[in-house]
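Undergrad: Got a structure for you, questions after.
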Amino acid sequence: MPARLKVDALVFSRRNSGEADRIVTLFTKEQGLIQAVAKGVRRIPSHRGGHLEPLTKVHVLLQESRAGAYITTVETVDYHSPLRESPDLNRHASNIALVVNRLFERNDPQPALYSMVEQAWEKLPLLAEKQRFLLESATIVTALRLAGMMPDLMYCAACRTRQPSEAVILKAHEAGWHCLSCHGSLYHTEHSLSPRLLKVLRFVVQSPLKSVRLSVSEDESRQLINAVYRYVADIVEQPAMSMS
């Protein structure tokens with residue numbers, strides 16, 4: 001990272017450090033994920049503290065030193081108030097941030113993903129619940145694709161069928177899927193996808209920005225996002241996220 005950098009950034013998370021500082025995780029188009037220290041922001045009053053809330057878009061000046069990056073000035077571009085005031089919207093937006101944070105290393109620029117996340121945060125308040133699940137699924141599979149971790153959706157990894165007649169299970173350790181009969185156990189069957197939802201997922205991967213136009217029920221959109229959550233959790237070896 002350059003010694004001084006002015007960027008727009010999405011605030012993913014923050015945590016307290018020491019007596020008055022915070023460590024803030026930012027997602028930027030130019031540098032990808034950055035962890036930066038906001039010194040003294042927990043002191044009262046602090047003109048910067050209110051600008052660094054999670055799910056806010058900010059314009060920041062970063063100063064790089066041997067000890068790491070520091071936030072010297074910050075200005076809010078968009079508070080994204082609906083995302084922070086609604087528990088449901090907050091969960092959708094926060095899960096997107098969590099997945100990106102888990103899948104990518106620091107200082108790995110992902111401009112296409114930045115644009116996708118930015119658009120998702122802007123559109124979420126305008127959508128019905130089933131469309132929110134579709135948009136969240138689309139953003140997460142975009143992150144998986146750009147991280148090189150997207151499953152092969154064309155064929156069953158075991159029997160090589162392309163059009164299954166029964167439900168399928170996404171398999172992280174094989175980077176693909178199994179027919180239910182090829183899966184051979186009850187493990188993860190609660191996160192299975194119907195043949196119709198497998199087709200939906202294939203479309204979402206190919207055309208993520210058009211995903212909200214798909215004709216699916218709310219139950220189907222929930223089933224889809226749950227399967228995607230489970231796949232991500234298996235990849236990063238952490239507990240799956242929750243919609244509740």
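Labels used: A, B, ... for chains in the order of the structure tokens, numbers from 1 for residues in each chain, and numbers from 1 for ligands as shown.
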Counting only C-alpha atoms, what is within 9 Å of Lys29 in chain A, bar same-chain residues fewer than 2 positions away, as a list of chain:residue names?

TA: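 Close residues of Lys29 in chain A: A:Val7, A:Asp8, A:Ala9, A:Phe27, A:Gln31, A:Gly32, A:Leu33, A:Pro109, A:Gln110, A:Pro111, A:Ala112, A:Leu113, A:Tyr114, A:Ser115.
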
Undergrad: Would you output that residue set with C-alpha atoms, as a PDB file, in the first residue's frame?

TA:
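Writing the result to again.pdb gives the following:
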ATOM      1  CA  VAL A   7      -9.918   5.904  -1.032  1.00  0.00           C
ATOM      2  CA  ASP A   8     -13.620   5.259  -0.770  1.00  0.00           C
ATOM      3  CA  ALA A   9     -14.185   2.289   1.507  1.00  0.00           C
ATOM      4  CA  PHE A  27     -13.037  -2.962   1.891  1.00  0.00           C
ATOM      5  CA  GLN A  31      -6.458  -2.283  -2.191  1.00  0.00           C
ATOM      6  CA  GLY A  32      -9.101  -4.849  -1.277  1.00  0.00           C
ATOM      7  CA  LEU A  33      -9.390  -5.537   2.436  1.00  0.00           C
ATOM      8  CA  PRO A 109      -7.640  -5.804  -4.882  1.00  0.00           C
ATOM      9  CA  GLN A 110     -11.021  -7.091  -6.083  1.00  0.00           C
ATOM     10  CA  PRO A 111     -12.619  -4.151  -7.940  1.00  0.00           C
ATOM     11  CA  ALA A 112     -15.457  -6.217  -9.465  1.00  0.00           C
ATOM     12  CA  LEU A 113     -16.391  -7.620  -6.072  1.00  0.00           C
ATOM     13  CA  TYR A 114     -16.214  -4.177  -4.469  1.00  0.00           C
ATOM     14  CA  SER A 115     -18.714  -2.896  -7.037  1.00  0.00           C
TER      15      SER A 115
END

Undergrad: Quick check for you: according to DSSP on this backbone, which residues of range 7-242 of chain A are classed as strand (DSSP E or B)? Reply as a ChimeraX atom specification.

TA: /A:7-17,21-28,32-38,57-65,68-78,106,156,168-171,176-179,193

Undergrad: Mind giving me the straight-line distance from CA of Leu201 in chain A to CA of Phe104 in chain A in Å, one decimal?

TA: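 Separation between CA of Leu201 in chain A and CA of Phe104 in chain A: 22.1 Å.
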
Undergrad: Give me the residues within 12 Å of Trp177 in chain A as a ChimeraX atom specification, counting only C-alpha atoms and dropping any in the same chain fewer than 5 places off.

TA: /A:150-164,167-172,182-183,188-189,191-195,198,201,227-228,231

Undergrad: Show me a table, sorted first by chain and then by increasing residue number, of the residues of range 103-162 of chain A having an atom at most 12 Å from range 56-60 of chain A, each with its shortest atom pair and the distance in Å to one decimal, counting only C-alpha atoms and written as a tab-separated table.

TA:
residue	atom	partner	partner_atom	distance
A:Tyr114	CA	A:Lys57	CA	11.5
A:Val117	CA	A:Lys57	CA	11.1
A:Glu118	CA	A:Lys57	CA	8.6
A:Gln119	CA	A:Lys57	CA	11.6
A:Trp121	CA	A:Thr56	CA	9.6
A:Glu122	CA	A:Lys57	CA	10.4
